[in-house]
Structure formats: C-alpha cells, structure tokens
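Source file: coords.cif. Holds: mmCIF, C-alpha atoms.
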```
data_query
#
loop_
_atom_site.label_atom_id
_atom_site.label_comp_id
_atom_site.auth_asym_id
_atom_site.auth_seq_id
_atom_site.Cartn_x
_atom_site.Cartn_y
_atom_site.Cartn_z
CA MET A 4 55.55 62.51 69.16
CA LEU A 5 57.76 59.55 70.05
CA ASP A 6 60.86 60.39 68.04
CA THR A 7 63.89 59.82 70.28
CA ILE A 8 65.81 56.56 69.96
CA TYR A 9 68.09 55.43 72.78
CA ILE A 10 70.85 53.39 71.14
CA ILE A 11 72.76 50.96 73.34
CA SER A 12 76.39 50.61 72.32
CA TYR A 13 79.74 50.24 74.03
CA LYS A 14 83.28 51.57 74.02
CA TYR A 15 86.51 49.60 73.94
CA GLN A 16 89.73 51.46 74.72
CA GLY A 17 87.83 54.71 74.39
CA GLU A 18 86.39 53.94 70.94
CA TRP A 19 82.72 53.31 70.22
CA ASN A 20 81.66 50.11 68.46
CA SER A 21 82.32 50.70 64.76
CA ILE A 22 78.75 50.10 63.52
CA LEU A 23 77.22 52.67 65.88
CA ASP A 24 77.74 55.55 63.43
CA ILE A 25 75.86 53.72 60.66
CA CYS A 26 72.92 52.94 62.95
CA LYS A 27 72.79 56.46 64.40
CA LYS A 28 73.05 58.22 61.03
CA ARG A 29 70.25 56.09 59.55
CA TYR A 30 67.86 57.01 62.36
CA GLU A 31 68.76 60.70 62.11
CA ASP A 32 68.48 60.77 58.31
CA LEU A 33 64.90 59.54 58.68
CA GLY A 34 63.99 62.22 61.22
CA PHE A 35 64.66 60.62 64.61
CA LYS A 36 66.62 62.16 67.45
CA THR A 37 69.18 59.84 69.02
CA GLU A 38 70.75 59.42 72.44
CA ILE A 39 73.64 57.01 72.98
CA VAL A 40 73.54 54.73 76.01
CA GLU A 41 76.96 53.41 76.97
CA GLY A 42 76.52 49.76 77.81
CA PHE A 43 78.97 47.26 79.26
CA SER A 44 81.90 46.21 77.08
CA LEU A 45 82.51 42.48 77.32
CA LYS A 46 86.18 43.10 76.63
CA GLU A 47 86.44 45.37 79.65
CA HIS A 48 83.93 43.61 81.93
CA THR A 49 85.17 40.06 81.63
CA HIS A 50 83.03 38.88 84.56
CA ILE A 51 79.89 39.40 82.45
CA LYS A 52 78.87 36.43 80.33
CA PRO A 53 78.05 37.11 76.65
CA ASN A 54 74.42 36.05 77.06
CA GLU A 55 74.00 38.44 80.02
CA VAL A 56 75.30 41.72 78.60
CA VAL A 57 72.17 43.09 76.89
CA TYR A 58 70.00 42.08 79.86
CA LEU A 59 72.34 43.95 82.22
CA ASN A 60 72.42 46.93 79.86
CA PHE A 61 68.62 47.12 80.02
CA LEU A 62 68.53 46.71 83.79
CA TYR A 63 71.36 49.06 84.78
CA LYS A 64 71.63 51.48 81.86
CA VAL A 65 68.20 51.77 80.20
CA LEU A 66 65.74 51.50 83.08
CA PRO A 67 67.38 54.37 85.03
CA ILE A 68 66.83 56.59 81.97
CA LEU A 69 63.19 55.54 81.82
CA GLU A 70 62.86 56.21 85.55
CA LYS A 71 64.04 59.80 85.15
CA SER A 72 62.07 60.42 81.97
CA ASN A 73 58.83 62.42 81.96
CA LYS A 74 57.68 60.63 78.79
CA VAL A 75 55.22 57.73 78.55
CA GLY A 76 58.04 55.40 77.54
CA ILE A 77 61.23 55.08 75.53
CA LEU A 78 62.38 53.48 72.30
CA VAL A 79 65.48 51.34 72.82
CA SER A 80 67.67 50.24 69.92
CA GLU A 81 70.72 48.05 69.63
CA ASP A 82 73.60 49.54 67.66
CA ASP A 83 73.28 46.91 64.92
CA ALA A 84 69.83 48.18 63.85
CA TYR A 85 69.26 49.62 60.37
CA VAL A 86 65.72 50.81 59.75
CA SER A 87 63.93 50.69 56.41
CA SER A 88 63.58 53.85 54.31
CA PHE A 89 59.86 54.24 55.14
CA PHE A 90 60.48 53.96 58.88
CA THR A 91 60.03 57.59 59.94
CA PRO A 92 58.80 58.94 63.28
CA GLU A 93 55.42 59.60 61.63
CA PHE A 94 55.20 56.00 60.41
CA LEU A 95 56.18 54.57 63.79
CA ASN A 96 53.79 56.77 65.75
CA CYS A 97 50.96 55.81 63.43
CA ARG A 98 51.67 52.11 63.97
CA LEU A 99 52.01 52.43 67.76
CA GLU A 100 48.73 54.36 67.98
CA GLU A 101 46.94 51.19 66.86
CA TYR A 102 48.26 49.32 69.91
CA ASP A 103 47.94 49.98 73.62
CA TYR A 104 51.51 51.22 73.61
CA LYS A 105 51.24 52.92 77.00
CA ASN A 106 50.72 49.55 78.68
CA ASN A 107 52.64 47.05 76.53
CA ILE A 108 56.22 46.23 75.69
CA ILE A 109 56.28 46.32 71.89
CA ARG A 110 58.86 44.39 69.87
CA ILE A 111 59.29 46.63 66.84
CA GLY A 112 62.55 45.43 65.30
CA TYR A 113 63.52 41.77 65.47
CA GLN A 114 64.96 39.01 63.30
CA LYS A 115 62.20 36.40 63.28
CA VAL A 116 59.43 34.79 65.27
CA LEU A 117 59.69 31.07 66.02
CA ASN A 118 56.39 29.37 66.78
CA LEU A 119 57.13 27.09 69.74
CA HIS A 120 53.97 25.81 71.37
CA GLU A 121 55.82 24.48 74.40
CA LYS A 122 56.88 28.02 75.37
CA PRO A 123 54.65 30.15 77.66
CA ARG A 124 53.63 32.52 74.87
CA GLY A 125 53.76 29.91 72.13
CA TYR A 126 56.66 31.65 70.40
CA ILE A 127 60.14 33.10 70.78
CA CYS A 128 60.75 36.46 69.14
CA VAL A 129 64.42 36.35 68.14
CA GLY A 130 66.38 39.58 68.13
CA ASN A 131 65.93 42.87 69.92
CA GLN A 132 66.92 45.52 67.41
CA LEU A 133 64.23 48.03 68.47
CA THR A 134 61.90 47.82 71.47
CA TRP A 135 59.32 50.10 73.06
CA ILE A 136 59.25 50.12 76.88
CA PRO A 137 56.33 51.99 78.51
CA LYS A 138 56.86 53.77 81.80
CA SER A 139 53.72 52.15 83.20
CA LEU A 140 55.63 48.84 83.37
CA LEU A 141 58.83 50.26 84.86
CA SER A 142 58.31 49.07 88.45
CA LYS A 143 57.16 45.61 87.43
CA LEU A 144 59.95 45.22 84.87
CA LYS A 145 62.64 46.44 87.25
CA GLU A 146 61.49 44.16 90.06
CA ASP A 147 61.23 41.13 87.78
CA MET A 148 64.59 41.67 86.10
CA HIS A 149 66.31 41.95 89.49
CA ARG A 150 64.66 38.70 90.55
CA LYS A 151 65.50 36.70 87.41
CA ARG A 152 68.91 35.54 86.32
CA PRO A 153 70.48 37.54 83.46
CA GLN A 154 69.86 35.88 80.08
CA PHE A 155 69.42 36.69 76.42
CA ILE A 156 67.05 39.66 76.51
CA ASP A 157 64.94 38.50 73.55
CA CYS A 158 64.27 35.20 75.31
CA TYR A 159 63.47 37.03 78.53
CA PHE A 160 60.81 39.20 76.91
CA SER A 161 59.39 36.28 74.90
CA LYS A 162 59.08 33.88 77.82
CA ASN A 163 57.91 36.34 80.47
CA ILE A 164 54.13 36.13 80.70
CA ILE A 165 54.07 38.52 83.68
CA LEU A 166 54.80 41.43 81.35
CA PRO A 167 52.41 42.26 78.49
CA GLU A 168 54.20 42.05 75.15
CA ILE A 169 53.15 42.74 71.57
CA ILE A 170 55.03 41.93 68.37
CA LEU A 171 54.46 44.88 66.06
CA ASP A 172 52.81 43.94 62.75
CA LYS A 173 53.92 40.32 63.00
CA GLU A 174 52.30 39.20 59.74
CA ILE A 175 53.46 42.22 57.74
CA GLN A 176 57.02 41.86 58.97
CA LYS A 177 57.29 38.30 57.72
CA THR A 178 57.98 39.79 54.29
CA ASN A 179 58.57 43.49 54.96
CA LYS A 180 60.97 44.06 57.83
CA TYR A 181 60.86 47.43 59.52
CA VAL A 182 64.32 47.00 61.05
CA LYS A 183 67.21 44.97 59.68
CA GLU A 184 70.33 43.83 61.47
CA ILE A 185 73.72 45.03 60.27
CA GLU A 186 76.05 42.10 59.74
CA HIS A 187 78.69 42.13 62.46
CA TYR A 188 80.70 39.99 64.83
CA SER A 189 78.65 39.41 67.95
CA PHE A 190 80.50 38.80 71.20
CA ALA A 191 77.21 37.63 72.71
CA VAL A 192 77.05 34.60 70.41
CA GLY A 193 80.75 34.37 69.54
CA LYS A 194 80.39 34.56 65.76
CA VAL A 195 79.42 36.79 62.86
CA ARG A 196 75.69 37.48 62.81
CA LYS A 197 74.54 37.44 59.21
CA GLY A 198 72.56 40.46 58.11
CA LEU A 199 72.74 43.63 56.06
CA LYS A 200 76.31 44.11 54.88
CA ILE A 201 77.72 47.55 55.57
CA LYS A 202 78.64 48.04 51.90
CA ASP A 203 74.95 47.55 51.04
CA THR A 204 73.89 50.52 53.16
#
```
Hey, can you dump this file as structure tokens for me?
Amino acid sequence: MLDTIYIISYKYQGEWNSILDICKKRYEDLGFKTEIVEGFSLKEHTHIKPNEVVYLNFLYKVLPILEKSNKVGILVSEDDAYVSSFFTPEFLNCRLEEYDYKNNIIRIGYQKVLNLHEKPRGYICVGNQLTWIPKSLLSKLKEDMHRKRPQFIDCYFSKNIILPEIILDKEIQKTNKYVKEIEHYSFAVGKVRKGLKIKDT
C-alpha cells in the first residue's frame, strides 16, 4: 500500500515552519506515515529566488529520495496541505488504482485548474499540495529538470508535455477537494495565501 507521505518543509534558525505540525498530524490521524524532507529556507538561502525554491526542493531533495527508494514511486506533499477527513490511505490507493499510476505523474492535491487553450496541455493546474511521482519517470524527470530553468513547480508540471501527467478526479474536485491549503504567508509569492484558517482545523 502507498501510505507514506514525504512532506517538504524548511527550518529557520533551527525551527521548522510553524504549519508543518498541523499538516503532519492530519496525515497521521488519517492513517498515513510521514517523512519530513528538509527543503531550502529562503531566509537562509538568499540566492534562491522565491519562484525557484519548490522546484529546487524537488530536484535536490525529493528526487534523491526517490532514487534510493525500492518503491514504485513516492507521494510528495507541501507543508501547507490539509487533507479531507475521507482521505485515508485506502481511499487514495483505490483512486490511484484506476489510473496508470506507475507511469504517470499524478496531481492529487491542488488549488484549481485554469483552462488555457494556448498552453501546451490546454490548462495550468495551480498548486502542488500533494503529488505522486513514479520511479519509472525518475531518469526523464531528473534530466529534464536539470536542463530547464527553475520555476514555479506547478507551472513546470502543467506545461511539460514530455512528462505524462494526470489530474486526479478533476471533475469531482471542482466541488469536493481532496486536499486543502492552510492559509499562510508564502515567501514564494510574497503575500498571504488564502485558504483554510488554522483555527478552522
């Protein structure tokens, strides 16, 4: 069963990002195992641009984990993710079984899908709260990410037609989100990202 979530977060002056505990506890309360991936802190790596940090976290922090893993892929979460009460490992595995998850990147948790016909895929899937990365695409993904310039990771996945991508249950999630975003200040965009208020959790 696919039940381990790798949560990307960061430390500043030795302290983890404050919303990490909420995200981690929610996953664990619903039956998932969690592993924390320490990403780059923009406050301590000032040479990294805000729009580059998640891309670089995937490339230099997440892909090495996938490379060493003996599993068919890994589930990667941002630390602002808050999954719905029905989102258990059993539910997720059932949904992934209906897709060719061993050969596709699957966007599980996201904010919204913008239909943009001028884009290569015809859409941009905004947000990257929870993503499935199969090991079968590791070499291709690693090579392509090294070749491309760092950018917002959600745009990278949405625009990249070299890599097969699926948006999980796109129509269902228009009204019934599997993963919500915790409201927080985002250094990547330089403002508060509206979402689920911590007091509501």
Selection: 12 Å around Ile51 of chain A, all atoms listed in the file, excl. self and same-chain fewer than 3 positions, as JSON, numbers by chain | {"A": [42, 43, 44, 45, 46, 47, 48, 54, 55, 56, 57, 58, 59, 60, 153, 154, 190, 191]}
Proximity to Gly76 of chain A - best of A:Phe89, A:Tyr104, A:Tyr13, A:Phe35, all atoms listed in the file |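 Smallest distance to Gly76 of chain A is found for A:Tyr104.
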Considering all atoms listed in the file, state which residue in the set A:Leu99, A:Ile169, A:Ile109, A:Ala84 is at the smallest distance from Tyr126 of chain A.
->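 Ranking A:Leu99, A:Ile169, A:Ile109, A:Ala84 by distance to Tyr126 of chain A, first place goes to A:Ile169.
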Which is closer to Leu69 of chain A than all the others in A:Ile111, A:Leu140, A:Met148, A:Ile185, using only C-alpha atoms?
-> A:Leu140
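Of note, atom CA of Asp83 of chain A and atom CA of Asp172 of chain A are spaced 20.8 Å apart.
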Using all atoms listed in the file, which residue out of A:Lys64, A:Lys28, A:Lys173, A:His120 lies closest to Ser12 of chain A?
->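 The shortest atom-to-atom distance to Ser12 of chain A comes from A:Lys64.
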Expanded to explicit residues, what is the PyMOL selection byres ((chain A and resi 78) around 12) for this file, as a VMD selection string?
-> chain A and resid 4 to 11 30 35 to 40 61 65 to 66 68 to 69 72 74 to 77 79 to 81 92 95 to 96 99 104 108 to 112 131 to 138
Keeping only C-alpha atoms, write those residues as a PDB file, keeping the file's coordinate frame.
```
ATOM      1  CA  MET A   4      55.550  62.510  69.160  1.00  0.00           C
ATOM      2  CA  LEU A   5      57.760  59.550  70.050  1.00  0.00           C
ATOM      3  CA  ASP A   6      60.860  60.390  68.040  1.00  0.00           C
ATOM      4  CA  THR A   7      63.890  59.820  70.280  1.00  0.00           C
ATOM      5  CA  ILE A   8      65.810  56.560  69.960  1.00  0.00           C
ATOM      6  CA  TYR A   9      68.090  55.430  72.780  1.00  0.00           C
ATOM      7  CA  ILE A  10      70.850  53.390  71.140  1.00  0.00           C
ATOM      8  CA  ILE A  11      72.760  50.960  73.340  1.00  0.00           C
ATOM      9  CA  TYR A  30      67.860  57.010  62.360  1.00  0.00           C
ATOM     10  CA  PHE A  35      64.660  60.620  64.610  1.00  0.00           C
ATOM     11  CA  LYS A  36      66.620  62.160  67.450  1.00  0.00           C
ATOM     12  CA  THR A  37      69.180  59.840  69.020  1.00  0.00           C
ATOM     13  CA  GLU A  38      70.750  59.420  72.440  1.00  0.00           C
ATOM     14  CA  ILE A  39      73.640  57.010  72.980  1.00  0.00           C
ATOM     15  CA  VAL A  40      73.540  54.730  76.010  1.00  0.00           C
ATOM     16  CA  PHE A  61      68.620  47.120  80.020  1.00  0.00           C
ATOM     17  CA  VAL A  65      68.200  51.770  80.200  1.00  0.00           C
ATOM     18  CA  LEU A  66      65.740  51.500  83.080  1.00  0.00           C
ATOM     19  CA  ILE A  68      66.830  56.590  81.970  1.00  0.00           C
ATOM     20  CA  LEU A  69      63.190  55.540  81.820  1.00  0.00           C
ATOM     21  CA  SER A  72      62.070  60.420  81.970  1.00  0.00           C
ATOM     22  CA  LYS A  74      57.680  60.630  78.790  1.00  0.00           C
ATOM     23  CA  VAL A  75      55.220  57.730  78.550  1.00  0.00           C
ATOM     24  CA  GLY A  76      58.040  55.400  77.540  1.00  0.00           C
ATOM     25  CA  ILE A  77      61.230  55.080  75.530  1.00  0.00           C
ATOM     26  CA  VAL A  79      65.480  51.340  72.820  1.00  0.00           C
ATOM     27  CA  SER A  80      67.670  50.240  69.920  1.00  0.00           C
ATOM     28  CA  GLU A  81      70.720  48.050  69.630  1.00  0.00           C
ATOM     29  CA  PRO A  92      58.800  58.940  63.280  1.00  0.00           C
ATOM     30  CA  LEU A  95      56.180  54.570  63.790  1.00  0.00           C
ATOM     31  CA  ASN A  96      53.790  56.770  65.750  1.00  0.00           C
ATOM     32  CA  LEU A  99      52.010  52.430  67.760  1.00  0.00           C
ATOM     33  CA  TYR A 104      51.510  51.220  73.610  1.00  0.00           C
ATOM     34  CA  ILE A 108      56.220  46.230  75.690  1.00  0.00           C
ATOM     35  CA  ILE A 109      56.280  46.320  71.890  1.00  0.00           C
ATOM     36  CA  ARG A 110      58.860  44.390  69.870  1.00  0.00           C
ATOM     37  CA  ILE A 111      59.290  46.630  66.840  1.00  0.00           C
ATOM     38  CA  GLY A 112      62.550  45.430  65.300  1.00  0.00           C
ATOM     39  CA  ASN A 131      65.930  42.870  69.920  1.00  0.00           C
ATOM     40  CA  GLN A 132      66.920  45.520  67.410  1.00  0.00           C
ATOM     41  CA  LEU A 133      64.230  48.030  68.470  1.00  0.00           C
ATOM     42  CA  THR A 134      61.900  47.820  71.470  1.00  0.00           C
ATOM     43  CA  TRP A 135      59.320  50.100  73.060  1.00  0.00           C
ATOM     44  CA  ILE A 136      59.250  50.120  76.880  1.00  0.00           C
ATOM     45  CA  PRO A 137      56.330  51.990  78.510  1.00  0.00           C
ATOM     46  CA  LYS A 138      56.860  53.770  81.800  1.00  0.00           C
TER      47      LYS A 138
END
```
Near-Asn163 of chain A list (9 Å; only C-alpha atoms; drop same-chain fewer than 5 positions) as a PyMOL selection string = chain A and resi 123-124+158+168
Which of these, A:Leu141, A:Tyr102, A:Lys162, A:Phe155, has the shortest distance to Gly125 of chain A once you count only C-alpha atoms?
->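 Going through A:Leu141, A:Tyr102, A:Lys162, A:Phe155 one by one, the smallest distance to Gly125 of chain A is for A:Lys162.
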A:Ser139, A:Leu171, A:Asp32, A:Arg98 ranked by distance to Asn73 of chain A, top pick (using all atoms listed in the file) | A:Ser139
